[in-house]
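A.B. asks: I am sharing run-v1.cif, which consists of mmCIF, C-alpha atoms:
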```cif
data_start
loop_
_atom_site.label_atom_id
_atom_site.label_comp_id
_atom_site.auth_asym_id
_atom_site.auth_seq_id
_atom_site.Cartn_x
_atom_site.Cartn_y
_atom_site.Cartn_z
CA MET A 689 -62.47 36.72 -195.82
CA LYS A 690 -66.22 36.28 -196.01
CA THR A 691 -68.52 38.35 -193.80
CA GLU A 692 -71.39 35.87 -194.08
CA PHE A 693 -71.63 32.16 -193.53
CA ASP A 694 -74.22 30.19 -195.49
CA PHE A 695 -75.72 27.50 -193.22
CA PHE A 696 -78.25 25.39 -195.20
CA GLY A 697 -79.55 28.48 -197.02
CA LYS A 698 -79.58 30.66 -193.90
CA ARG A 699 -77.09 33.54 -193.96
CA ILE A 700 -75.27 34.09 -190.70
CA ASN A 701 -73.36 37.32 -190.20
CA ILE A 702 -69.72 36.70 -189.20
CA ALA A 703 -68.35 40.19 -189.84
CA THR A 704 -67.30 40.68 -186.21
CA ARG A 705 -64.30 38.93 -184.74
CA ALA A 706 -66.34 37.67 -181.77
CA ARG A 707 -68.84 35.89 -184.05
CA ARG A 708 -66.04 34.35 -186.12
CA ARG A 709 -64.37 33.07 -183.01
CA TRP A 710 -67.61 31.45 -181.88
CA LEU A 711 -67.98 29.74 -185.24
CA LEU A 712 -64.39 28.50 -185.04
CA VAL A 713 -64.95 27.13 -181.52
CA LEU A 714 -68.01 25.26 -182.81
CA ILE A 715 -66.09 23.81 -185.76
CA TYR A 716 -63.23 22.67 -183.53
CA ALA A 717 -65.70 21.17 -181.03
CA GLN A 718 -66.91 19.00 -183.89
CA PHE A 719 -63.34 18.12 -184.83
CA ILE A 720 -62.79 16.97 -181.24
CA GLY A 721 -65.96 14.90 -181.58
CA LEU A 722 -64.55 13.31 -184.73
CA VAL A 723 -61.28 12.44 -182.97
CA ILE A 724 -63.24 10.81 -180.12
CA ALA A 725 -65.37 8.93 -182.67
CA TRP A 726 -62.20 7.77 -184.46
CA PHE A 727 -60.83 6.59 -181.14
CA SER A 728 -64.05 4.65 -180.49
CA VAL A 729 -64.38 2.94 -183.89
CA TYR A 730 -60.71 1.92 -183.96
CA GLY A 731 -60.09 -0.78 -186.51
CA ARG A 732 -63.43 -0.48 -188.35
CA SER A 733 -62.52 0.93 -191.72
CA SER A 734 -66.04 1.74 -193.01
CA GLU A 735 -66.86 3.92 -189.97
CA SER A 736 -63.39 5.46 -190.18
CA PHE A 737 -64.10 6.37 -193.79
CA LEU A 738 -67.34 8.12 -192.76
CA ILE A 739 -65.38 10.11 -190.16
CA ILE A 740 -62.94 11.22 -192.86
CA LEU A 741 -65.90 12.31 -195.02
CA ALA A 742 -67.39 14.30 -192.11
CA PHE A 743 -64.01 15.95 -191.59
CA LEU A 744 -63.81 16.95 -195.26
CA VAL A 745 -67.27 18.58 -195.04
CA LEU A 746 -66.20 20.59 -191.97
CA ALA A 747 -62.86 21.51 -193.58
CA ASN A 748 -64.79 22.74 -196.61
CA ILE A 749 -66.83 25.07 -194.38
CA LEU A 750 -63.66 26.51 -192.86
CA GLY A 751 -62.00 26.94 -196.26
CA GLY A 752 -58.39 27.94 -196.93
CA ARG A 753 -56.03 25.57 -198.81
CA SER A 754 -57.78 24.83 -202.14
CA TYR A 755 -61.36 25.05 -200.81
CA LYS A 756 -63.20 27.74 -202.75
CA ARG A 757 -66.47 27.86 -200.81
CA GLY A 758 -65.21 28.19 -197.25
CA VAL A 759 -65.26 31.24 -194.98
CA VAL A 760 -61.48 31.61 -195.41
CA PRO A 761 -60.50 32.27 -199.06
CA PRO A 762 -58.28 29.74 -200.90
CA PHE A 763 -54.56 30.05 -200.19
CA ALA A 764 -53.49 30.44 -203.81
CA GLY A 765 -53.39 34.03 -205.03
CA GLY A 766 -54.16 37.16 -203.02
CA ASP A 767 -52.24 40.41 -202.74
CA GLU A 768 -48.96 40.93 -200.92
CA ARG A 769 -50.63 41.67 -197.55
CA GLU A 770 -52.72 38.51 -197.74
CA ARG A 771 -49.70 36.46 -198.71
CA TYR A 772 -47.67 37.73 -195.74
CA ARG A 773 -50.61 37.14 -193.40
CA ARG A 774 -50.86 33.59 -194.74
CA TYR A 775 -47.14 33.01 -194.16
CA TYR A 776 -47.46 34.38 -190.63
CA ALA A 777 -50.47 32.12 -189.95
CA HIS A 778 -48.35 29.12 -190.99
CA TYR A 779 -45.55 30.30 -188.70
CA VAL A 780 -47.97 30.46 -185.75
CA ALA A 781 -49.62 27.14 -186.70
CA TYR A 782 -46.22 25.46 -186.95
CA LYS A 783 -45.38 26.41 -183.38
CA TYR A 784 -48.62 24.97 -182.00
CA TRP A 785 -48.57 21.82 -184.09
CA ASP A 786 -46.23 20.17 -181.58
CA LEU A 787 -49.16 20.02 -179.14
CA THR A 788 -50.41 16.98 -181.09
CA LEU A 789 -47.19 15.87 -182.78
CA ILE A 790 -45.12 15.28 -179.64
CA PRO A 791 -47.90 13.44 -177.71
CA ALA A 792 -48.43 11.23 -180.81
CA LEU A 793 -44.71 10.41 -180.89
CA VAL A 794 -44.69 9.59 -177.16
CA ALA A 795 -47.88 7.51 -177.45
CA VAL A 796 -46.46 5.43 -180.31
CA GLY A 797 -43.22 5.02 -178.34
CA VAL A 798 -45.08 3.83 -175.24
CA ARG A 799 -47.19 1.48 -177.36
CA SER A 800 -44.06 -0.19 -178.75
CA LEU A 801 -43.03 -1.20 -175.21
CA PRO A 802 -44.44 -4.49 -173.87
CA PHE A 803 -47.54 -3.89 -171.72
CA ASN A 804 -47.48 -5.18 -168.19
CA PRO A 805 -50.17 -7.94 -168.00
CA ALA A 806 -51.09 -6.66 -164.54
CA TRP A 807 -52.36 -3.38 -166.04
CA HIS A 808 -56.11 -2.96 -166.23
CA PRO A 809 -57.45 -4.20 -169.63
CA MET A 810 -59.16 -0.83 -170.20
CA LEU A 811 -55.81 0.93 -169.78
CA GLN A 812 -54.21 -1.46 -172.27
CA VAL A 813 -56.99 -0.79 -174.81
CA PHE A 814 -56.62 2.96 -174.22
CA LEU A 815 -52.83 2.88 -174.73
CA ASN A 816 -53.31 0.71 -177.81
CA ARG A 817 -55.72 3.17 -179.43
CA LEU A 818 -54.23 6.45 -178.21
CA PRO A 819 -51.56 6.79 -180.98
CA TYR A 820 -54.25 6.59 -183.67
CA GLY A 821 -56.45 9.16 -181.95
CA LEU A 822 -53.49 11.52 -181.67
CA LEU A 823 -52.43 10.85 -185.25
CA VAL A 824 -55.84 11.78 -186.58
CA ALA A 825 -55.81 14.88 -184.32
CA SER A 826 -52.41 15.79 -185.75
CA ALA A 827 -53.70 15.36 -189.31
CA ILE A 828 -56.76 17.56 -188.54
CA VAL A 829 -54.56 20.22 -187.00
CA TYR A 830 -52.30 20.09 -190.06
CA PHE A 831 -55.22 20.59 -192.43
CA THR A 832 -56.99 23.35 -190.53
CA LEU A 833 -54.76 25.29 -188.15
CA PRO A 834 -53.39 27.99 -190.52
CA GLN A 835 -56.93 28.80 -191.66
CA ALA A 836 -58.06 28.85 -188.03
CA VAL A 837 -55.25 31.29 -187.12
CA LEU A 838 -56.26 33.60 -189.99
CA PHE A 839 -59.92 33.35 -189.03
CA TRP A 840 -59.21 33.97 -185.34
CA THR A 841 -56.89 36.94 -185.75
CA GLU A 842 -58.62 38.95 -188.50
CA GLY A 843 -60.16 42.12 -187.03
CA ASP A 844 -63.79 43.24 -187.33
CA MET A 845 -64.84 43.70 -190.95
CA GLU A 846 -67.43 45.91 -192.61
CA GLU A 847 -70.76 44.13 -192.86
CA HIS A 848 -71.95 42.93 -196.24
CA GLN A 849 -74.59 45.28 -197.67
CA MET B 29 -28.66 35.26 -190.53
CA LYS B 30 -25.09 35.17 -189.24
CA THR B 31 -22.14 34.69 -191.57
CA GLU B 32 -20.30 32.42 -189.20
CA LEU B 33 -21.03 29.54 -186.89
CA LEU B 34 -19.45 29.36 -183.47
CA LEU B 35 -19.05 25.68 -182.61
CA PHE B 36 -16.98 24.51 -179.63
CA GLY B 37 -15.16 27.85 -179.63
CA LYS B 38 -14.23 27.60 -183.31
CA HIS B 39 -15.48 30.18 -185.83
CA ILE B 40 -16.64 28.56 -189.08
CA ASN B 41 -17.33 30.78 -192.08
CA MET B 42 -20.89 30.25 -193.33
CA ALA B 43 -21.16 33.22 -195.68
CA SER B 44 -21.39 31.24 -198.90
CA GLN B 45 -24.57 29.41 -199.87
CA GLU B 46 -22.52 26.39 -200.89
CA ARG B 47 -21.07 25.98 -197.39
CA ARG B 48 -24.49 26.35 -195.79
CA ARG B 49 -25.95 23.75 -198.12
CA ARG B 50 -23.11 21.40 -197.27
CA LEU B 51 -23.86 21.90 -193.57
CA VAL B 52 -27.57 21.12 -194.08
CA THR B 53 -26.71 17.98 -196.08
CA LEU B 54 -24.26 16.90 -193.38
CA ILE B 55 -26.83 17.41 -190.62
CA TYR B 56 -29.56 15.39 -192.32
CA THR B 57 -27.15 12.65 -193.36
CA GLY B 58 -25.94 12.44 -189.76
CA LEU B 59 -29.46 12.31 -188.33
CA ALA B 60 -30.58 9.70 -190.89
CA THR B 61 -27.54 7.57 -190.01
CA LEU B 62 -28.32 7.97 -186.31
CA MET B 63 -31.93 6.89 -186.92
CA ALA B 64 -30.76 3.81 -188.83
CA ALA B 65 -28.21 2.96 -186.12
CA CYS B 66 -30.85 3.28 -183.38
CA TRP B 67 -33.19 0.98 -185.26
CA PHE B 68 -30.50 -1.70 -185.48
CA LEU B 69 -29.59 -1.13 -181.83
CA ASP B 70 -32.98 -1.60 -180.15
CA HIS B 71 -35.71 -0.84 -182.71
CA TRP B 72 -36.09 2.77 -181.48
CA ARG B 73 -36.87 1.99 -177.90
CA LEU B 74 -34.52 3.65 -175.41
CA SER B 75 -32.18 4.83 -178.16
CA THR B 76 -34.89 7.24 -179.41
CA VAL B 77 -33.78 9.55 -176.60
CA THR B 78 -30.41 9.90 -178.39
CA ILE B 79 -32.16 10.99 -181.60
CA ILE B 80 -34.39 13.50 -179.79
CA LEU B 81 -31.46 14.99 -177.85
CA SER B 82 -29.27 15.20 -180.97
CA ALA B 83 -32.00 16.90 -183.01
CA SER B 84 -32.69 19.36 -180.18
CA TYR B 85 -28.98 20.14 -179.81
CA ILE B 86 -28.51 20.70 -183.54
CA SER B 87 -31.67 22.79 -183.74
CA ARG B 88 -30.72 25.15 -180.92
CA LEU B 89 -26.94 25.36 -181.05
CA VAL B 90 -26.04 24.82 -184.71
CA LEU B 91 -29.00 25.96 -186.78
CA GLY B 92 -30.49 28.47 -184.32
CA GLY B 93 -33.93 29.96 -184.73
CA TYR B 94 -35.66 28.10 -181.93
CA GLY B 95 -34.60 29.00 -178.43
CA ALA B 96 -33.97 32.57 -177.35
CA GLU B 97 -30.27 32.11 -176.58
CA GLY B 98 -29.28 33.47 -179.97
CA LYS B 99 -26.89 30.58 -180.61
CA GLY B 100 -26.66 28.97 -184.03
CA ILE B 101 -26.59 30.60 -187.45
CA ILE B 102 -30.19 31.83 -187.62
CA LYS B 103 -31.30 34.67 -185.38
CA PRO B 104 -33.91 33.70 -182.75
CA PHE B 105 -37.36 33.48 -184.35
CA LEU B 106 -38.84 35.12 -181.27
CA GLY B 107 -36.03 37.69 -181.07
CA ASN B 108 -38.22 40.73 -181.79
CA GLU B 109 -40.88 39.77 -179.24
CA VAL B 110 -38.35 38.94 -176.51
CA ARG B 111 -36.33 42.12 -177.13
CA ALA B 112 -39.45 44.29 -177.24
CA ARG B 113 -40.38 43.02 -173.80
CA TYR B 114 -36.84 43.68 -172.58
CA VAL B 115 -36.67 47.22 -174.01
CA LYS B 116 -40.08 48.09 -172.56
CA ASN B 117 -38.72 47.93 -169.02
CA PRO B 118 -35.02 46.95 -168.80
CA ASN B 119 -35.07 47.21 -164.99
CA SER B 120 -37.86 44.72 -164.39
CA THR B 121 -37.05 41.37 -162.79
CA TRP B 122 -37.86 39.57 -166.04
CA SER B 123 -35.56 41.85 -168.07
CA ARG B 124 -32.66 41.50 -165.63
CA LEU B 125 -33.06 37.73 -165.65
CA ALA B 126 -33.28 37.74 -169.46
CA LYS B 127 -30.11 39.85 -169.74
CA ARG B 128 -28.26 37.47 -167.47
CA THR B 129 -29.33 34.32 -169.36
CA ILE B 130 -29.32 35.86 -172.86
CA PRO B 131 -26.48 38.42 -173.01
CA LYS B 132 -27.15 39.05 -176.73
CA ILE B 133 -30.54 40.54 -175.94
CA THR B 134 -28.93 43.99 -175.67
CA ASP B 135 -27.50 43.79 -179.21
CA GLU B 136 -30.35 44.69 -181.55
CA ARG B 137 -28.42 43.82 -184.73
CA GLU B 138 -27.51 40.34 -183.46
CA PHE B 139 -30.78 39.52 -181.76
CA SER B 140 -33.64 41.20 -183.65
CA SER B 141 -34.85 40.52 -187.18
CA ASP B 142 -35.74 43.20 -189.72
CA GLU B 143 -38.91 43.12 -191.82
CA ARG B 144 -37.27 41.12 -194.62
CA GLU B 145 -35.98 38.51 -192.19
CA VAL B 146 -39.41 38.20 -190.55
CA HIS B 147 -41.04 37.62 -193.96
CA LEU B 148 -38.38 35.02 -194.82
CA ARG B 149 -38.95 33.31 -191.47
CA ASP B 150 -42.71 33.11 -192.04
CA SER B 151 -42.31 31.96 -195.64
CA ALA B 152 -39.85 29.22 -194.57
CA HIS B 153 -42.36 28.02 -191.99
CA GLU B 154 -45.06 27.87 -194.64
CA VAL B 155 -42.90 25.65 -196.85
CA ALA B 156 -41.80 23.54 -193.86
CA TYR B 157 -45.41 23.16 -192.72
CA ARG B 158 -46.44 21.72 -196.08
CA ARG B 159 -43.44 19.37 -196.29
CA LEU B 160 -43.88 18.15 -192.72
CA GLY B 161 -47.57 17.58 -193.38
CA ILE B 162 -46.67 15.00 -196.02
CA VAL B 163 -44.73 13.00 -193.42
CA ILE B 164 -47.55 13.20 -190.84
CA LEU B 165 -50.17 12.24 -193.41
CA SER B 166 -48.00 9.30 -194.47
CA ALA B 167 -47.90 8.12 -190.85
CA PHE B 168 -51.67 8.52 -190.66
CA MET B 169 -52.16 6.59 -193.92
CA VAL B 170 -49.94 3.74 -192.69
CA ALA B 171 -52.09 3.57 -189.54
CA TYR B 172 -55.26 3.60 -191.65
CA PHE B 173 -53.97 0.84 -193.94
CA LYS B 174 -52.91 -1.21 -190.96
CA ASN B 175 -56.51 -1.31 -189.76
CA GLY B 176 -58.18 -1.45 -193.17
CA LEU B 177 -55.85 -3.43 -195.41
CA LEU B 178 -54.24 -5.89 -193.05
CA PRO B 179 -57.37 -8.07 -192.59
CA LEU B 180 -58.00 -8.01 -196.38
CA MET B 181 -54.41 -9.02 -197.10
CA LEU B 182 -54.69 -11.90 -194.65
CA GLU B 183 -57.76 -13.11 -196.56
CA VAL B 184 -55.80 -13.28 -199.82
CA GLY B 185 -52.90 -15.01 -198.11
CA VAL B 186 -50.44 -12.14 -197.80
CA VAL B 187 -49.08 -12.06 -194.27
CA ILE B 188 -47.50 -8.85 -193.01
CA SER B 189 -46.76 -8.51 -189.31
CA PRO B 190 -48.62 -5.62 -187.58
CA VAL B 191 -45.28 -4.82 -185.95
CA PHE B 192 -44.01 -3.75 -189.39
CA PHE B 193 -46.75 -1.10 -189.59
CA ASP B 194 -46.14 0.04 -186.01
CA GLN B 195 -42.42 0.43 -186.71
CA ALA B 196 -43.15 2.36 -189.91
CA ILE B 197 -45.48 4.75 -188.03
CA TYR B 198 -42.94 5.24 -185.24
CA GLY B 199 -40.12 5.84 -187.75
CA LEU B 200 -42.19 8.41 -189.62
CA LEU B 201 -43.07 10.20 -186.37
CA ILE B 202 -39.42 10.30 -185.26
CA ALA B 203 -38.49 11.68 -188.69
CA SER B 204 -41.27 14.25 -188.41
CA PHE B 205 -40.00 15.31 -184.99
CA ILE B 206 -36.50 15.83 -186.43
CA LEU B 207 -37.96 17.83 -189.31
CA PHE B 208 -40.17 19.80 -186.95
CA LEU B 209 -37.11 21.03 -185.06
CA THR B 210 -34.85 21.65 -188.05
CA LEU B 211 -36.75 22.16 -191.31
CA PRO B 212 -37.59 25.92 -191.24
CA GLN B 213 -33.98 26.80 -190.38
CA SER B 214 -32.64 24.40 -193.04
CA ILE B 215 -34.89 26.01 -195.67
CA LEU B 216 -33.56 29.44 -194.68
CA LEU B 217 -29.94 28.27 -194.82
CA TRP B 218 -30.51 26.50 -198.14
CA THR B 219 -32.23 29.37 -199.92
CA GLU B 220 -30.37 32.45 -198.65
CA PRO B 221 -27.86 33.56 -201.32
CA ASP B 222 -24.18 34.24 -200.69
CA MET B 223 -23.53 36.87 -198.02
CA GLU B 224 -20.56 39.11 -197.39
CA ALA B 225 -17.90 37.23 -195.47
CA PRO B 226 -17.14 38.45 -191.92
CA ASN B 227 -14.35 41.01 -191.63
CA GLU B 228 -11.16 39.24 -190.56
CA ASN B 229 -9.76 42.37 -188.84
#
```
In structure tokens, write the structure found in this file.
C.D. replies:
Amino acid sequence: MKTEFDFFGKRINIATRARRRWLLVLIYAQFIGLVIAWFSVYGRSSESFLIILAFLVLANILGGRSYKRGVVPPFAGGDERERYRRYYAHYVAYKYWDLTLIPALVAVGVRSLPFNPAWHPMLQVFLNRLPYGLLVASAIVYFTLPQAVLFWTEGDMEEHQ
Amino acid sequence: MKTELLLFGKHINMASQERRRRLVTLIYTGLATLMAACWFLDHWRLSTVTIILSASYISRLVLGGYGAEGKGIIKPFLGNEVRARYVKNPNSTWSRLAKRTIPKITDEREFSSDEREVHLRDSAHEVAYRRLGIVILSAFMVAYFKNGLLPLMLEVGVVISPVFFDQAIYGLLIASFILFLTLPQSILLWTEPDMEAPNEN
């Protein structure tokens, strides 16, 4: 795992666990922003495409999977310890994935029921868009949670000389 | 992993890989049939509850793994953590309650996993995570195409009802929920080689 994070040419030290956790919180705050933006631009495919691009940039910063330049190294390769840590991170991520998966299932289920015309129009719009917001949240969690678990749980590292 | 399954008081030998694979095939065939039946019944409205309850029941009582009761073929995934808390102070209120609700907690061999089993558990979750991701991403893509492609298709004269997309998303999410509850255990059952059969004496 990297001990420095390159932010537009400026090197930020992330050797300590506390600093890494702050960085992760910031990245996830932006993910939440993207989900809200997705929710707002519902149905407009060009804006949705821009949101997907923004997500890919953020996911590239976090790394893991096949991203080579992120703060978490790519998942392929590594020694036995790293491999077992990666497996464990997936085990933990799997357990927490249901926090978006089950609400998405419920939201789609509710949406398939006929809306009562007496409901407030804003509520109807909200219920109509909610499944898509939760689906995109679920997809983001799928792409990033194992890396986030690894990043969050790794202890303090020696600083880069 | 246990070598036999206790189902409705009947002991079923699950030592051979072939039998375990047959069980996994049977479970997924049954759940797929149930999903199809529920769609024909009411398009996955109230009948979805049947699917969710069936998947939960199979996950906890047949496959095992999830749930601390120690039922099913796979040892509880959280067995080590739960037992460690019990062993730390067996006289605490929590431990006494745990012993009453989970009698197997006192049996380390039945309840806890060794290092190899923990690694297998984590590895199975990694594989399951990737497979399940494909289903979730498919649901997401269907939703994306519904918003992006549907208006374009209307322009060229191809009419597809939005309900079709909604049903496809819902079906994929129900399937993903079933997989979420059962896939890691199924991978473990499918990949574990033949074990020694339980002693009949």
A.B. asks: Hey, list the chain A side of the contact with chain B: 7 Å cut-off, all atoms listed in the file, answer as a compact mmCIF listing (two decimals) with C-alpha atoms, keeping the file's coordinate frame.
C.D. replies:
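As written to disk, iface.txt reads:
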```txt
# COMPACT_ATOMS: atom_id res chain seq x y z
CA GLY A 731 -60.09 -0.78 -186.51
CA SER A 733 -62.52 0.93 -191.72
CA TYR A 772 -47.67 37.73 -195.74
CA TYR A 775 -47.14 33.01 -194.16
CA TYR A 776 -47.46 34.38 -190.63
CA HIS A 778 -48.35 29.12 -190.99
CA TYR A 779 -45.55 30.30 -188.70
CA TYR A 782 -46.22 25.46 -186.95
CA LEU A 793 -44.71 10.41 -180.89
CA VAL A 796 -46.46 5.43 -180.31
CA GLY A 797 -43.22 5.02 -178.34
CA TYR A 820 -54.25 6.59 -183.67
CA LEU A 823 -52.43 10.85 -185.25
CA VAL A 824 -55.84 11.78 -186.58
CA ALA A 827 -53.70 15.36 -189.31
CA TYR A 830 -52.30 20.09 -190.06
```
A.B. asks: Evaluating the PyMOL selection byres ((chain B and resi 110) around 10) on the displayed file yields which residues, as a list in words?
C.D. replies: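 Matching residues under the PyMOL selection byres ((chain B and resi 110) around 10) are Ala96, Pro104, Phe105, Leu106, Gly107, Asn108, Glu109, Arg111, Ala112, Arg113, Tyr114, Val115, Ser123, Ala126, Ile133, Phe139 and Ser140 of chain B.
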A.B. asks: I want to know what sits within 12 Å of A:Ala742, based on only C-alpha atoms, with residues of the same chain fewer than 2 positions away left out; could you give that as a list in words?
C.D. replies: Ile715, Gln718, Phe719, Gly721, Leu722, Val723, Ala725, Trp726, Glu735, Ser736, Phe737, Leu738, Ile739, Ile740, Leu744, Val745, Leu746, Ala747, Asn748, Ile749 and Ile828 of chain A
A.B. asks: Just how far from atom CA of B:Met223 is atom CA of B:Arg48, in Å to one decimal?
C.D. replies: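 Spanning atom CA of B:Arg48 to atom CA of B:Met223 is a straight-line distance of 10.8 Å.
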A.B. asks: Would you write out, as a PDB file with C-alpha atoms, keeping the file's coordinate frame, every residue that the PyMOL selection byres ((chain A and resi 758) around 9) captures in this file?
C.D. replies:
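Once everything was written out, this is result18.pdb:
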```pdb
ATOM      1  CA  LYS A 690     -66.220  36.280-196.010  1.00  0.00           C
ATOM      2  CA  PHE A 693     -71.630  32.160-193.530  1.00  0.00           C
ATOM      3  CA  ALA A 747     -62.860  21.510-193.580  1.00  0.00           C
ATOM      4  CA  ASN A 748     -64.790  22.740-196.610  1.00  0.00           C
ATOM      5  CA  ILE A 749     -66.830  25.070-194.380  1.00  0.00           C
ATOM      6  CA  LEU A 750     -63.660  26.510-192.860  1.00  0.00           C
ATOM      7  CA  GLY A 751     -62.000  26.940-196.260  1.00  0.00           C
ATOM      8  CA  GLY A 752     -58.390  27.940-196.930  1.00  0.00           C
ATOM      9  CA  TYR A 755     -61.360  25.050-200.810  1.00  0.00           C
ATOM     10  CA  LYS A 756     -63.200  27.740-202.750  1.00  0.00           C
ATOM     11  CA  ARG A 757     -66.470  27.860-200.810  1.00  0.00           C
ATOM     12  CA  VAL A 759     -65.260  31.240-194.980  1.00  0.00           C
ATOM     13  CA  VAL A 760     -61.480  31.610-195.410  1.00  0.00           C
ATOM     14  CA  PRO A 761     -60.500  32.270-199.060  1.00  0.00           C
ATOM     15  CA  PRO A 762     -58.280  29.740-200.900  1.00  0.00           C
TER      16      PRO A 762
END
```
A.B. asks: Might you spell out which residues the PyMOL selection byres ((chain B and resi 49-65) around 12) would select in the displayed file, as a ChimeraX atom specification?
C.D. replies: /B:32-33,40-48,66-73,75-87,90-91,101,198-207,209-222
A.B. asks: Keeping only C-alpha atoms, write the selected residues as an mmCIF file, in the coordinates of the input.
C.D. replies:
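Dumped everything to again_10.cif:
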```
data_model
loop_
_atom_site.group_PDB
_atom_site.id
_atom_site.type_symbol
_atom_site.label_atom_id
_atom_site.label_comp_id
_atom_site.auth_asym_id
_atom_site.auth_seq_id
_atom_site.Cartn_x
_atom_site.Cartn_y
_atom_site.Cartn_z
ATOM 1 C CA GLU B 32 -20.300 32.420 -189.200
ATOM 2 C CA LEU B 33 -21.030 29.540 -186.890
ATOM 3 C CA ILE B 40 -16.640 28.560 -189.080
ATOM 4 C CA ASN B 41 -17.330 30.780 -192.080
ATOM 5 C CA MET B 42 -20.890 30.250 -193.330
ATOM 6 C CA ALA B 43 -21.160 33.220 -195.680
ATOM 7 C CA SER B 44 -21.390 31.240 -198.900
ATOM 8 C CA GLN B 45 -24.570 29.410 -199.870
ATOM 9 C CA GLU B 46 -22.520 26.390 -200.890
ATOM 10 C CA ARG B 47 -21.070 25.980 -197.390
ATOM 11 C CA ARG B 48 -24.490 26.350 -195.790
ATOM 12 C CA CYS B 66 -30.850 3.280 -183.380
ATOM 13 C CA TRP B 67 -33.190 0.980 -185.260
ATOM 14 C CA PHE B 68 -30.500 -1.700 -185.480
ATOM 15 C CA LEU B 69 -29.590 -1.130 -181.830
ATOM 16 C CA ASP B 70 -32.980 -1.600 -180.150
ATOM 17 C CA HIS B 71 -35.710 -0.840 -182.710
ATOM 18 C CA TRP B 72 -36.090 2.770 -181.480
ATOM 19 C CA ARG B 73 -36.870 1.990 -177.900
ATOM 20 C CA SER B 75 -32.180 4.830 -178.160
ATOM 21 C CA THR B 76 -34.890 7.240 -179.410
ATOM 22 C CA VAL B 77 -33.780 9.550 -176.600
ATOM 23 C CA THR B 78 -30.410 9.900 -178.390
ATOM 24 C CA ILE B 79 -32.160 10.990 -181.600
ATOM 25 C CA ILE B 80 -34.390 13.500 -179.790
ATOM 26 C CA LEU B 81 -31.460 14.990 -177.850
ATOM 27 C CA SER B 82 -29.270 15.200 -180.970
ATOM 28 C CA ALA B 83 -32.000 16.900 -183.010
ATOM 29 C CA SER B 84 -32.690 19.360 -180.180
ATOM 30 C CA TYR B 85 -28.980 20.140 -179.810
ATOM 31 C CA ILE B 86 -28.510 20.700 -183.540
ATOM 32 C CA SER B 87 -31.670 22.790 -183.740
ATOM 33 C CA VAL B 90 -26.040 24.820 -184.710
ATOM 34 C CA LEU B 91 -29.000 25.960 -186.780
ATOM 35 C CA ILE B 101 -26.590 30.600 -187.450
ATOM 36 C CA TYR B 198 -42.940 5.240 -185.240
ATOM 37 C CA GLY B 199 -40.120 5.840 -187.750
ATOM 38 C CA LEU B 200 -42.190 8.410 -189.620
ATOM 39 C CA LEU B 201 -43.070 10.200 -186.370
ATOM 40 C CA ILE B 202 -39.420 10.300 -185.260
ATOM 41 C CA ALA B 203 -38.490 11.680 -188.690
ATOM 42 C CA SER B 204 -41.270 14.250 -188.410
ATOM 43 C CA PHE B 205 -40.000 15.310 -184.990
ATOM 44 C CA ILE B 206 -36.500 15.830 -186.430
ATOM 45 C CA LEU B 207 -37.960 17.830 -189.310
ATOM 46 C CA LEU B 209 -37.110 21.030 -185.060
ATOM 47 C CA THR B 210 -34.850 21.650 -188.050
ATOM 48 C CA LEU B 211 -36.750 22.160 -191.310
ATOM 49 C CA PRO B 212 -37.590 25.920 -191.240
ATOM 50 C CA GLN B 213 -33.980 26.800 -190.380
ATOM 51 C CA SER B 214 -32.640 24.400 -193.040
ATOM 52 C CA ILE B 215 -34.890 26.010 -195.670
ATOM 53 C CA LEU B 216 -33.560 29.440 -194.680
ATOM 54 C CA LEU B 217 -29.940 28.270 -194.820
ATOM 55 C CA TRP B 218 -30.510 26.500 -198.140
ATOM 56 C CA THR B 219 -32.230 29.370 -199.920
ATOM 57 C CA GLU B 220 -30.370 32.450 -198.650
ATOM 58 C CA PRO B 221 -27.860 33.560 -201.320
ATOM 59 C CA ASP B 222 -24.180 34.240 -200.690
#
```
A.B. asks: What is the atom CA of A:Arg708 to atom CA of B:Arg159 distance in Å?
C.D. replies: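 Atom CA of B:Arg159 lies at a distance of 29.0 Å from atom CA of A:Arg708.
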A.B. asks: Work out how far atom CA of B:Gly100 is from atom CA of B:Thr129, in Å to one decimal.
C.D. replies: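 We find that atom CA of B:Thr129 and atom CA of B:Gly100 lie 15.8 Å from each other.
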A.B. asks: Using only C-alpha atoms, which residues sit within 9 Å of A:Met845 once same-chain residues fewer than 5 positions away are excluded, as number ranges by chain?
C.D. replies: A: 689, 691, 702-705
A.B. asks: Would you list the contacts of stretch 816-818 of chain A as a list in words, taking every protein, DNA or RNA residue within 9 Å and counting only C-alpha atoms, but skipping same-chain residues closer than 6 positions in sequence?
C.D. replies: Phe727, Ser728, Tyr730, Ala792, Ala795, Val796 and Arg799 of chain A
A.B. asks: Could you check which of A:Lys698, A:Pro819, A:Ala825, A:Gly843 is closest to A:Tyr716, using only C-alpha atoms?
C.D. replies: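 Counting only C-alpha atoms, the residue closest to A:Tyr716 is A:Ala825.
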A.B. asks: Closest to A:Tyr784 among A:Ile700, A:Val829, A:Ala706, A:Leu712, using all atoms listed in the file?
C.D. replies: A:Val829
